[in-house]
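J.: structure_30.txt is reproduced in full below (compact mmCIF, C-alpha atoms).
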```txt
# COMPACT_ATOMS: atom_id res chain seq x y z
CA MET A 1478 2.58 -3.00 16.51
CA VAL A 1479 1.14 -6.10 18.12
CA THR A 1480 -0.60 -8.54 15.81
CA PHE A 1481 -4.04 -10.09 15.99
CA SER A 1482 -2.66 -13.25 17.58
CA ASP A 1483 -1.17 -11.18 20.43
CA ILE A 1484 -4.35 -9.32 21.34
CA ALA A 1485 -7.31 -10.25 23.52
CA ASP A 1486 -8.08 -6.70 24.74
CA TYR A 1487 -8.46 -3.66 22.47
CA ARG A 1488 -6.39 -1.59 24.94
CA ASP A 1489 -3.32 -3.63 24.01
CA PHE A 1490 -3.37 -1.82 20.65
CA LEU A 1491 -3.17 1.50 22.50
CA LYS A 1492 -0.52 0.35 24.98
CA SER A 1493 1.66 -0.97 22.17
CA TYR A 1494 1.32 2.34 20.32
CA TYR A 1495 2.28 4.35 23.41
CA ASP A 1496 5.28 2.13 24.19
CA ARG A 1497 6.53 2.38 20.63
CA LYS A 1498 6.17 6.17 20.51
CA LYS A 1499 7.90 6.46 23.88
CA ALA A 1500 10.82 4.37 22.60
CA GLU A 1501 11.08 6.57 19.49
CA MET A 1502 10.66 9.86 21.38
CA PRO A 1503 11.58 9.74 25.09
CA PHE A 1504 9.66 12.99 25.67
CA TYR A 1505 6.39 11.44 24.42
CA SER A 1506 3.80 11.60 27.20
CA TYR A 1507 0.31 10.52 28.21
CA ARG A 1508 -0.71 14.14 27.74
CA MET A 1509 0.48 14.17 24.12
CA MET A 1510 -1.37 10.95 23.31
CA GLY A 1511 -4.40 12.07 25.32
CA ASP A 1512 -4.63 15.27 23.30
CA LYS A 1513 -5.05 13.22 20.13
CA LEU A 1514 -7.81 11.16 21.75
CA GLY A 1515 -9.60 14.00 23.51
CA LEU A 1516 -8.72 12.58 26.95
CA ASP A 1517 -6.81 13.97 29.91
CA SER A 1518 -3.56 12.25 30.77
CA SER A 1519 -4.78 10.64 34.00
CA TYR A 1520 -7.79 9.09 32.29
CA LEU A 1521 -5.64 7.77 29.43
CA TYR A 1522 -3.23 6.26 31.96
CA ARG A 1523 -6.11 4.33 33.55
CA VAL A 1524 -7.21 3.13 30.11
CA LEU A 1525 -3.74 1.81 29.31
CA GLN A 1526 -3.64 0.11 32.72
CA LYS A 1527 -7.00 -1.53 31.85
CA LYS A 1528 -8.78 0.16 34.73
CA GLN A 1529 -11.04 2.23 32.46
CA HIS A 1530 -12.47 1.94 28.95
CA LEU A 1531 -12.17 4.42 26.14
CA PRO A 1532 -15.24 6.66 25.88
CA ALA A 1533 -17.17 6.07 22.66
CA HIS A 1534 -16.28 9.53 21.33
CA ALA A 1535 -12.58 8.57 21.30
CA LEU A 1536 -12.93 5.43 19.16
CA ALA A 1537 -12.58 7.14 15.78
CA SER A 1538 -9.50 9.06 16.93
CA ALA A 1539 -7.99 5.91 18.41
CA LYS A 1540 -8.32 4.02 15.12
CA GLU A 1541 -6.90 7.00 13.27
CA ILE A 1542 -3.70 7.27 15.33
CA LEU A 1543 -3.32 3.48 15.29
CA ALA A 1544 -3.74 3.52 11.48
CA LEU A 1545 -6.34 0.75 11.71
CA SER A 1546 -8.57 0.13 8.71
CA GLY A 1547 -10.49 -2.72 7.16
CA ARG A 1548 -10.29 -5.98 9.07
CA GLU A 1549 -8.03 -4.52 11.79
CA ALA A 1550 -10.50 -1.72 12.50
CA GLU A 1551 -13.38 -4.20 12.62
CA TYR A 1552 -11.37 -6.39 15.01
CA PHE A 1553 -10.70 -3.37 17.25
CA ASP A 1554 -14.40 -2.41 17.27
CA LEU A 1555 -15.53 -5.94 18.14
CA LEU A 1556 -13.05 -6.21 21.01
CA TYR A 1557 -14.14 -2.80 22.31
CA THR A 1558 -17.84 -3.62 22.19
CA ALA A 1559 -17.22 -6.99 23.85
CA ALA A 1560 -15.24 -5.33 26.61
CA VAL A 1561 -17.88 -2.75 27.50
CA THR A 1562 -21.00 -4.92 27.19
CA LYS A 1563 -22.51 -6.33 30.39
CA ASP A 1564 -24.33 -9.18 28.60
CA LYS A 1565 -22.18 -12.33 28.93
CA GLY A 1566 -23.81 -14.06 25.96
CA LYS A 1567 -23.39 -11.01 23.74
CA ARG A 1568 -19.77 -10.66 24.88
CA GLU A 1569 -18.99 -14.26 23.90
CA GLU A 1570 -20.67 -13.77 20.53
CA LEU A 1571 -18.63 -10.65 19.82
CA ILE A 1572 -15.37 -12.29 20.87
CA ALA A 1573 -16.12 -15.24 18.58
CA LYS A 1574 -16.64 -12.81 15.68
CA ALA A 1575 -13.36 -11.08 16.52
CA LEU A 1576 -11.43 -14.34 16.66
CA ALA A 1577 -12.83 -15.30 13.26
CA LEU A 1578 -11.05 -12.25 11.83
CA ARG A 1579 -7.65 -13.41 13.02
CA ASP A 1580 -5.14 -14.81 10.58
CA VAL A 1581 -4.50 -18.53 10.65
CA ASP A 1582 -1.33 -19.57 12.44
CA ARG A 1583 1.59 -19.83 10.03
CA HIS A 1584 5.02 -21.39 10.27
CA SER A 1585 7.56 -18.83 9.12
CA LEU A 1586 10.22 -20.41 6.90
CA GLN A 1587 13.80 -19.82 7.93
CA ALA A 1588 16.75 -19.86 5.53
CA ALA A 1589 17.40 -23.61 5.86
CA GLU A 1590 13.72 -24.34 5.38
CA LEU A 1591 13.55 -22.60 2.00
CA LYS A 1592 14.52 -25.92 0.43
CA VAL A 1593 10.84 -26.81 0.96
CA LEU A 1594 10.13 -24.41 -1.91
CA GLU A 1595 12.76 -25.82 -4.25
CA ASN A 1596 10.33 -28.28 -5.84
CA TRP A 1597 6.55 -28.06 -6.02
CA TRP A 1598 6.04 -31.66 -4.95
CA ILE A 1599 7.59 -31.19 -1.49
CA PRO A 1600 4.64 -29.17 -0.08
CA ALA A 1601 2.32 -31.49 -2.05
CA VAL A 1602 3.78 -34.57 -0.35
CA ARG A 1603 3.42 -32.86 3.02
CA ALA A 1604 -0.27 -32.22 2.39
CA TYR A 1605 -0.72 -35.76 1.04
CA LEU A 1606 0.59 -37.20 4.31
CA GLU A 1607 -2.43 -35.66 6.02
CA LEU A 1608 -4.73 -37.51 3.62
CA ASN A 1609 -3.25 -40.96 4.17
CA GLY A 1610 -2.76 -40.68 7.91
CA GLY A 1611 1.01 -40.17 7.67
CA VAL A 1612 1.74 -43.60 6.17
CA VAL A 1613 5.10 -43.62 4.35
CA ASN A 1614 4.60 -45.74 1.25
CA LEU A 1615 6.92 -44.25 -1.35
CA LYS A 1616 5.41 -46.12 -4.29
CA GLN A 1617 1.89 -45.04 -3.39
CA ILE A 1618 2.89 -41.46 -2.66
CA ALA A 1619 4.77 -41.16 -5.97
CA HIS A 1620 1.75 -42.57 -7.84
CA ASP A 1621 -0.88 -40.39 -6.16
CA ILE A 1622 0.87 -37.03 -6.54
CA CYS A 1623 -0.45 -35.16 -9.61
CA PRO A 1624 1.39 -35.29 -11.92
CA PRO A 1625 3.16 -38.43 -10.62
CA ILE A 1626 6.68 -38.13 -9.23
CA THR A 1627 9.41 -40.70 -8.73
CA GLU A 1628 9.93 -42.68 -5.52
CA ALA A 1629 13.28 -40.91 -5.16
CA GLN A 1630 11.50 -37.55 -5.28
CA ALA A 1631 8.98 -38.74 -2.71
CA GLN A 1632 11.83 -39.78 -0.41
CA GLU A 1633 13.58 -36.46 -0.97
CA ALA A 1634 10.40 -34.64 0.00
CA ILE A 1635 9.98 -36.63 3.21
CA ASP A 1636 13.65 -36.21 4.13
CA THR A 1637 13.39 -32.44 3.60
CA LEU A 1638 10.17 -32.13 5.59
CA MET A 1639 11.70 -34.12 8.44
CA GLU A 1640 14.91 -32.07 8.37
CA VAL A 1641 13.15 -28.74 8.72
CA GLY A 1642 10.61 -30.00 11.26
CA LEU A 1643 7.46 -29.59 9.18
CA VAL A 1644 6.56 -33.22 9.81
CA LYS A 1645 7.52 -35.41 12.75
CA LYS A 1646 7.69 -39.16 13.28
CA MET A 1647 5.21 -40.66 15.70
CA ALA A 1648 5.79 -43.70 17.92
CA SER A 1649 3.76 -45.73 15.41
CA GLY A 1650 6.24 -44.90 12.66
CA ARG A 1651 3.75 -42.70 10.86
CA LEU A 1652 4.42 -39.03 10.14
CA ALA A 1653 2.38 -36.13 11.51
CA LEU A 1654 2.25 -32.53 10.28
CA THR A 1655 3.35 -29.76 12.62
CA ASP A 1656 2.23 -26.23 11.68
CA ALA A 1657 -0.60 -26.12 9.17
CA HIS A 1658 0.35 -23.11 7.01
CA LEU A 1659 3.64 -21.82 5.67
CA THR A 1660 4.84 -18.34 4.86
CA ALA A 1661 8.14 -16.88 3.73
CA GLY A 1662 9.41 -13.32 3.96
CA GLY A 1663 12.51 -11.19 3.69
CA PRO A 1664 14.36 -9.95 0.61
CA GLU A 1665 16.75 -12.93 0.56
CA LYS A 1666 13.81 -15.28 0.08
CA LYS A 1667 12.28 -13.63 -2.98
CA VAL A 1668 14.09 -15.85 -5.46
CA ALA A 1669 12.97 -19.09 -3.79
CA VAL A 1670 9.37 -17.94 -3.51
CA ARG A 1671 9.28 -16.73 -7.10
CA LYS A 1672 10.69 -20.02 -8.36
CA PHE A 1673 8.05 -21.95 -6.45
CA GLN A 1674 5.26 -19.73 -7.75
CA LYS A 1675 6.44 -20.23 -11.33
CA GLN A 1676 6.28 -24.00 -10.81
CA VAL A 1677 2.74 -24.02 -9.42
CA LEU A 1678 1.47 -21.60 -12.09
CA SER A 1679 2.94 -23.92 -14.70
CA LEU A 1680 1.03 -26.80 -13.10
CA ALA A 1681 -2.15 -24.73 -13.30
CA SER A 1682 -1.57 -24.21 -17.01
CA ASP A 1683 -0.90 -27.92 -17.57
CA SER A 1684 -4.06 -28.86 -15.68
CA LEU A 1685 -6.16 -27.28 -18.45
CA ASP A 1686 -5.14 -30.21 -20.66
CA ASN A 1687 -4.44 -32.92 -18.10
CA VAL A 1688 -7.20 -32.63 -15.47
CA PRO A 1689 -10.91 -33.28 -16.16
CA VAL A 1690 -13.09 -30.18 -15.99
CA ASP A 1691 -15.13 -31.55 -13.06
CA GLU A 1692 -11.93 -31.93 -10.99
CA ARG A 1693 -10.67 -28.38 -11.41
CA ASN A 1694 -12.04 -24.83 -11.40
CA ILE A 1695 -10.17 -22.34 -13.52
CA SER A 1696 -11.61 -19.06 -14.74
CA THR A 1697 -10.23 -15.71 -15.84
CA LEU A 1698 -11.37 -12.09 -15.93
CA THR A 1699 -9.92 -9.21 -17.90
CA LEU A 1700 -10.72 -5.97 -16.09
CA SER A 1701 -10.26 -2.24 -16.54
CA VAL A 1702 -9.56 -0.62 -13.16
CA ASP A 1703 -8.24 2.56 -11.59
CA GLN A 1704 -5.75 2.68 -8.70
CA ALA A 1705 -8.42 2.73 -5.99
CA CYS A 1706 -10.17 -0.28 -7.52
CA PHE A 1707 -6.82 -2.07 -7.89
CA ASP A 1708 -6.07 -1.53 -4.20
CA ASP A 1709 -9.54 -2.72 -3.16
CA LEU A 1710 -9.28 -5.88 -5.26
CA GLY A 1711 -5.88 -6.60 -3.72
CA ASP A 1712 -7.44 -6.36 -0.25
CA MET A 1713 -10.29 -8.62 -1.36
CA LEU A 1714 -7.86 -11.25 -2.66
CA ARG A 1715 -5.92 -11.22 0.62
CA GLU A 1716 -9.15 -11.58 2.58
CA PHE A 1717 -10.28 -14.42 0.30
CA ARG A 1718 -6.98 -16.23 0.88
CA ARG A 1719 -7.45 -15.90 4.64
CA LEU A 1720 -11.01 -17.25 4.41
CA VAL A 1721 -9.81 -20.18 2.28
CA GLN A 1722 -7.23 -21.09 4.93
CA LYS A 1723 -9.87 -20.85 7.65
CA ARG A 1724 -12.19 -23.14 5.71
CA VAL A 1725 -9.41 -25.65 5.05
CA ASP A 1726 -8.68 -25.77 8.78
CA SER A 1727 -12.25 -26.91 9.38
CA SER A 1728 -12.14 -29.68 6.75
CA LYS A 1729 -12.92 -32.89 8.63
CA SER A 1730 -12.03 -35.67 6.17
CA PRO A 1731 -9.82 -34.37 3.32
CA ASP A 1732 -9.55 -36.74 0.35
CA ARG A 1733 -7.44 -34.74 -2.11
CA VAL A 1734 -4.64 -32.15 -2.22
CA MET A 1735 -5.48 -29.05 -4.25
CA GLN A 1736 -3.23 -26.22 -5.37
CA LEU A 1737 -4.88 -22.76 -5.44
CA SER A 1738 -3.14 -20.12 -7.54
CA MET A 1739 -4.43 -16.55 -7.56
CA ALA A 1740 -2.87 -14.41 -10.27
CA PHE A 1741 -3.80 -10.75 -10.66
CA TYR A 1742 -1.47 -8.92 -13.01
CA PRO A 1743 -1.49 -6.16 -15.65
CA VAL A 1744 -1.82 -6.95 -19.35
CA ALA A 1745 -2.09 -3.32 -20.44
CA ARG A 1746 -1.41 0.05 -18.84
CA LYS A 1747 -1.52 3.61 -20.13
CA GLY A 1748 2.08 4.68 -20.57
CA GLY A 1749 3.55 1.17 -20.68
CA VAL A 1750 4.06 -1.78 -18.33
CA ALA A 1751 7.00 -1.90 -15.90
CA SER A 1752 8.97 -5.12 -15.54
CA VAL A 1753 9.72 -6.90 -12.27
CA LYS A 1754 13.25 -5.52 -12.39
CA ASP A 1755 11.92 -2.01 -12.97
CA THR A 1756 9.68 -2.28 -9.92
CA GLU A 1757 12.35 -3.73 -7.62
CA ASP A 1758 15.26 -1.55 -8.74
CA GLY A 1759 13.30 1.64 -9.22
CA THR A 1760 14.39 1.92 -12.87
CA ARG A 1761 12.42 1.88 -16.10
CA GLU A 1762 13.34 0.44 -19.46
CA SER A 1763 12.67 2.53 -22.56
CA LYS A 1764 9.30 1.71 -24.12
```
Could you express the structure from this file as structure tokens?

T.:
Amino acid sequence: MVTFSDIADYRDFLKSYYDRKKAEMPFYSYRMMGDKLGLDSSYLYRVLQKKQHLPAHALASAKEILALSGREAEYFDLLYTAAVTKDKGKREELIAKALALRDVDRHSLQAAELKVLENWWIPAVRAYLELNGGVVNLKQIAHDICPPITEAQAQEAIDTLMEVGLVKKMASGRLALTDAHLTAGGPEKKVAVRKFQKQVLSLASDSLDNVPVDERNISTLTLSVDQACFDDLGDMLREFRRLVQKRVDSSKSPDRVMQLSMAFYPVARKGGVASVKDTEDGTRESK
């Protein structure tokens, strides 16, 4: 399926779906897809060729076969309404709302780049370089990172960031950031990501004693939830993370590097709590 960043027209969702189904089942036809949407095959063909728009009565069925819900469904609706409206100002307003729902651009970490996650201070140094205009002063960098690191660690961080292309040297000798956000995926990367998360959660714990209250914001909730509530809260946390990244992108004059850790985990469950190994291997330890 195409992603938000690939789409400017709601019909691209439908075209991608048709192409994928056709690749999976060579006998799949416009008629078969049209039947699900309540459209004849010739009309559907014109929709996929962007010569017609979906009729309003087909929108619910379209989102159902595309398995769109939540933010994706809202994005689809906004693009559809923008496409069919004749008011230029309204169209621009709707497109702006749709674009605001897109994910921020991320740089996907490759295997060699996972060394960025080996030590918590490497991403911290990268963010710090944005604060100081990319000036490489190892003594100052080492001093300003919280908690302080050594000059050797600061140099290691810069060397790593340069090696993987997450910062680049300018003609002035200063360093500039490339992509703004990082993400890592794939089963082979779980260990590196988990190690990094353990480090930053440890820093969060230490900050309770080492950082003044007015320079941090840490709170906790203990909640009793059912599965539906658990799923909804997970969606809310993902949406909050996206909104945080959007807001950070609009920060004009950053003066500090903050680490945000969101932890949502069970402390009690009827029938016992499964371990990480249980979840990943599909086994359960005796209670």

J.: Check the smallest atom-to-atom distance from each of A:Leu1685, A:Ile1572, A:Met1510, A:Cys1623 to Ala1539 (chain A) using all atoms listed in the file, then report the winner.

T.: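 Between A:Leu1685, A:Ile1572, A:Met1510, A:Cys1623, the residue approaching Ala1539 (chain A) most closely is A:Met1510.
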
J.: Which one is closest to Ser1649 (chain A): A:Ile1599, A:Ile1635, A:Val1613, A:Phe1504? Count only C-alpha atoms.

T.: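 Nearest to Ser1649 (chain A): A:Val1613.
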
J.: Excluding region 1734-1736 of chain A and any residue of its chain fewer than 2 positions from it, enumerate the residues within 8 Å of it, using only C-alpha atoms, and give them as a JSON list (two decimals) with C-alpha atoms, in the coordinates of the input.

T.:
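Output (selection_22.json):
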```json
[["chain", "number", "residue", "atom", "x", "y", "z"],
["A", 1601, "ALA", "CA", 2.32, -31.49, -2.05],
["A", 1604, "ALA", "CA", -0.27, -32.22, 2.39],
["A", 1605, "TYR", "CA", -0.72, -35.76, 1.04],
["A", 1608, "LEU", "CA", -4.73, -37.51, 3.62],
["A", 1677, "VAL", "CA", 2.74, -24.02, -9.42],
["A", 1731, "PRO", "CA", -9.82, -34.37, 3.32],
["A", 1732, "ASP", "CA", -9.55, -36.74, 0.35],
["A", 1738, "SER", "CA", -3.14, -20.12, -7.54]]
```

J.: Can you measure CA of Val1561 (chain A) to CA of Asp1489 (chain A) for me? One decimal in Å is fine.

T.: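 Those two atoms sit 15.0 Å apart.
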
J.: Name the closest residue to Leu1543 (chain A) among the candidates A:Ala1573, A:Leu1491, A:Leu1578, A:Leu1514; distances are taken between atoms, counting only C-alpha atoms.

T.: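 Ranked by minimum distance to Leu1543 (chain A), first place goes to A:Leu1491.
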
J.: Excluding same-chain residues fewer than 4 positions from Ala1559 (chain A), what lies within 10 Å of it counting all atoms listed in the file, as a PyMOL selection string?

T.: chain A and resi 1486-1487+1553-1555+1563-1573+1575

J.: What is the distance, in Å and to one decimal place, between CA of Ile1542 (chain A) and CA of Tyr1522 (chain A)?

T.: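 If I compute the distance from CA of Ile1542 (chain A) to CA of Tyr1522 (chain A), I get 16.7 Å.
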
J.: With only C-alpha atoms as the atoms that count, which of A:Lys1592, A:Arg1508, A:Arg1671, A:Arg1651 lies nearest to Glu1633 (chain A)?

T.: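 Among A:Lys1592, A:Arg1508, A:Arg1671, A:Arg1651, it is A:Lys1592 that comes nearest to Glu1633 (chain A).
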